[in-house]
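Everything below concerns the one structure shown next.
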Amino acid sequence: MKFRIFTEPQQGATYEDLLRVARCAEDAGYDAFFRSDHYLKMGSVTGEPGPTDAWTTLAGLARETTRLRLGTLMTAATFRYPGPLAVTVAQVDQMSGGRVEFGLGAGWYTEEHTAYGIPFPATRERFDRYAEQLEIITGLWATPVGQTYTFRGRHYELVDAPALPKPAQRPRPPVLVGGLGAKRTPALAARFADEFNLPFVDVETAVTQFDRVTAACAEIGRDATEITRSAALVVCVGRDEAEVARRAGAIGREVEELRLNGLCGTPAEVADKLGSYRERTGLQRVYLQVLDLSDLDHVELIAAEVAPQLG
């Protein structure tokens, strides 16, 4: 099982905060550093000093790390036009030497769109736009050098795009699709995804959704084992109960709630829960949602005492 760090900078973090965590994760042996792509805080935190842009952050980290995979869970299709987004991701992939992974979602957080003047269509239109963006971005990357790309959809039209620049990874960076939609989400994963990610769900929900992706793959004749299975889960690990309680308190959560809904407890407890999750679902990667970015000892503890039990 690959262990990845997942951060939520909209809750209040500078680029320097993220850089410290990314460097710590790289030194500790984690597979990847991911961040959310949001422009507005959630819940009762202040969000200060304010949001940082996901792809600006990843461009910086591309030059200041050497091994970590870098990506988003998930970039919202509502935030950017697909052509310029394909250019941005390809450039960051080049800057990193081919370490970018591209998570794209339909967008869901109404309030951040209202706050920053971003159009937020109804659900059906958002998914229609999302599907077109997946097709356009992967199509631009797949177009041979020297040829052009044309797409005429309901929401986007590209005519004779030079389909440049190309990412460092060929044929493209891995594409992540995720979510709990019963029909369209699994169908889009079957068509476009290299990895399918589930956000903060229990084992039973994960089994159901992974089965839907498998069925969607069968409908189009794709081997479902080509798609990596992953999940994001909040994490709170301590060497003893006092340390677990302290870490839960630091992020404003209750220990028992975290034990129920995330990965919480001693290293042995968390390893056992992850092992059971993997046995039931075939989970291959876990994105650990780290909410206290000042606690680098937490990051190091998980790498030293949990990850080796599941490697």
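Ordering of the structure tokens sets the chain letters (A, B, ...); residue numbers start at 1 within each chain; ligands are numbered from 1 in the order shown.
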
Counting only C-alpha atoms, which residues of range 88-135 of chain A fall within 8 Å of range 53-60 of chain A, and what is the closest atom pair for each with its distance in Å at one decimal, ordered by chain and rising number, as JSON lines?
{"residue": "A:Thr88", "atom": "CA", "partner": "A:Trp55", "partner_atom": "CA", "distance": 7.5}
{"residue": "A:Val89", "atom": "CA", "partner": "A:Trp55", "partner_atom": "CA", "distance": 7.6}
{"residue": "A:Val92", "atom": "CA", "partner": "A:Ala59", "partner_atom": "CA", "distance": 5.2}
{"residue": "A:Met95", "atom": "CA", "partner": "A:Ala59", "partner_atom": "CA", "distance": 6.9}
{"residue": "A:Ser96", "atom": "CA", "partner": "A:Ala59", "partner_atom": "CA", "distance": 7.7}

Selection: 7 Å around Pro82 in chain A, only C-alpha atoms, excl. self and same-chain fewer than 3 positions, as a PyMOL selection string | chain A and resi 85-86+133+136-137

Can you list, as a PyMOL selection string, all residues belonging to range 117-271 of chain A that DSSP tags as helix (DSSP H, G or I)?
-> chain A and resi 123-142+184-192+203-220+224-226+241-250+255-261+267-271

Closest of A:Gly47, A:Pro167, A:Gly252, A:Gly238 to Asp297 in chain A - atom-to-atom distances counting only C-alpha atoms | A:Gly238

Could you please write out, as a PyMOL selection string, every residue of range 131-276 of chain A that DSSP assigns to strand (DSSP E or B)?
-> chain A and resi 149-152+157-161+175-178+195-199+228-237+263-265

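The shell of residues at most 9 Å from Leu180 in chain A, with only C-alpha atoms counted and near chain neighbours (fewer than 3 positions) removed, consists of Thr185, Pro186, Leu198, Pro199, Thr205, Ala206 and Gln209 of chain A.
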
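Take CA of Cys264 in chain A and CA of Arg229 in chain A: the distance between them is 21.4 Å.
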
Near range 267-282 of chain A, counting only C-alpha atoms, which residues have an atom at most 7 Å away, once you skip same-chain residues fewer than 2 positions from it, shown as a VMD selection string?
-> chain A and resid 203 206 to 207 229 237 to 239 263 to 265 284 305 to 306 309 to 310

Residues near Gly12 in chain A, cut-off 10 Å, only C-alpha atoms, skip fewer than 5 positions along chain, as an MDAnalysis selection string = chainID A and resid 17 40:41 45:52 291:293

For Glu226 in chain A, list every protein, DNA or RNA residue within 9 Å, evaluated using only C-alpha atoms, and leave out those in the same chain fewer than 4 positions away; present the list as a VMD selection string.
-> chain A and resid 193 to 195 222

Would you output that residue set with all heavy atoms, as a short mmCIF file (atom, residue, chain, number, x, y, z; two decimals), in the first residue's frame?
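Output file result.cif follows:
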data_model
loop_
_atom_site.label_atom_id
_atom_site.label_comp_id
_atom_site.auth_asym_id
_atom_site.auth_seq_id
_atom_site.Cartn_x
_atom_site.Cartn_y
_atom_site.Cartn_z
N ALA A 193 -10.03 7.26 -16.23
CA ALA A 193 -9.22 7.25 -15.01
C ALA A 193 -8.09 6.22 -15.04
O ALA A 193 -8.26 5.10 -15.51
CB ALA A 193 -10.09 6.99 -13.79
N ASP A 194 -6.97 6.62 -14.51
CA ASP A 194 -5.89 5.70 -14.15
C ASP A 194 -6.00 5.32 -12.68
O ASP A 194 -5.42 4.32 -12.25
CB ASP A 194 -4.53 6.36 -14.41
CG ASP A 194 -4.37 6.72 -15.88
OD1 ASP A 194 -4.28 5.81 -16.71
OD2 ASP A 194 -4.36 7.93 -16.18
N GLU A 195 -6.73 6.14 -11.92
CA GLU A 195 -6.94 5.89 -10.49
C GLU A 195 -8.33 6.37 -10.12
O GLU A 195 -8.79 7.41 -10.60
CB GLU A 195 -5.88 6.63 -9.66
CG GLU A 195 -6.05 6.47 -8.14
CD GLU A 195 -4.92 7.15 -7.37
OE1 GLU A 195 -3.81 7.29 -7.94
OE2 GLU A 195 -5.14 7.53 -6.21
N ARG A 222 -13.13 -2.65 -20.75
CA ARG A 222 -11.85 -2.28 -20.14
C ARG A 222 -11.56 -3.18 -18.96
O ARG A 222 -12.47 -3.56 -18.20
CB ARG A 222 -11.86 -0.82 -19.69
CG ARG A 222 -10.51 -0.37 -19.14
CD ARG A 222 -10.50 1.07 -18.71
NE ARG A 222 -9.18 1.44 -18.20
CZ ARG A 222 -8.89 2.59 -17.58
NH1 ARG A 222 -9.84 3.51 -17.40
NH2 ARG A 222 -7.67 2.84 -17.16
#

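Residue nearest Val175 in chain A within the list A:Pro84, A:Gly117, A:Gly221, A:Gly105: A:Gly105 [criterion: smallest interatomic distance, only C-alpha atoms].
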
Could you tell me how far CA of Tyr156 in chain A lies from CA of Ala106 in chain A, in Å and to one decimal?
-> 15.0 Å

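Look at range 119-122 of chain A: the protein and nucleic acid residues within 10 Å of it, using only C-alpha atoms and passing over chain neighbours fewer than 2 places away, are Thr78, Phe79, Gly107, Trp108, Tyr109, Thr110, Glu111, Glu112, His113, Thr114, Tyr116, Gly117, Arg124, Glu125, Arg126, Phe127 and Arg129 of chain A.
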
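The spacing separating CA of Glu132 in chain A from CA of Phe34 in chain A amounts to 24.2 Å.
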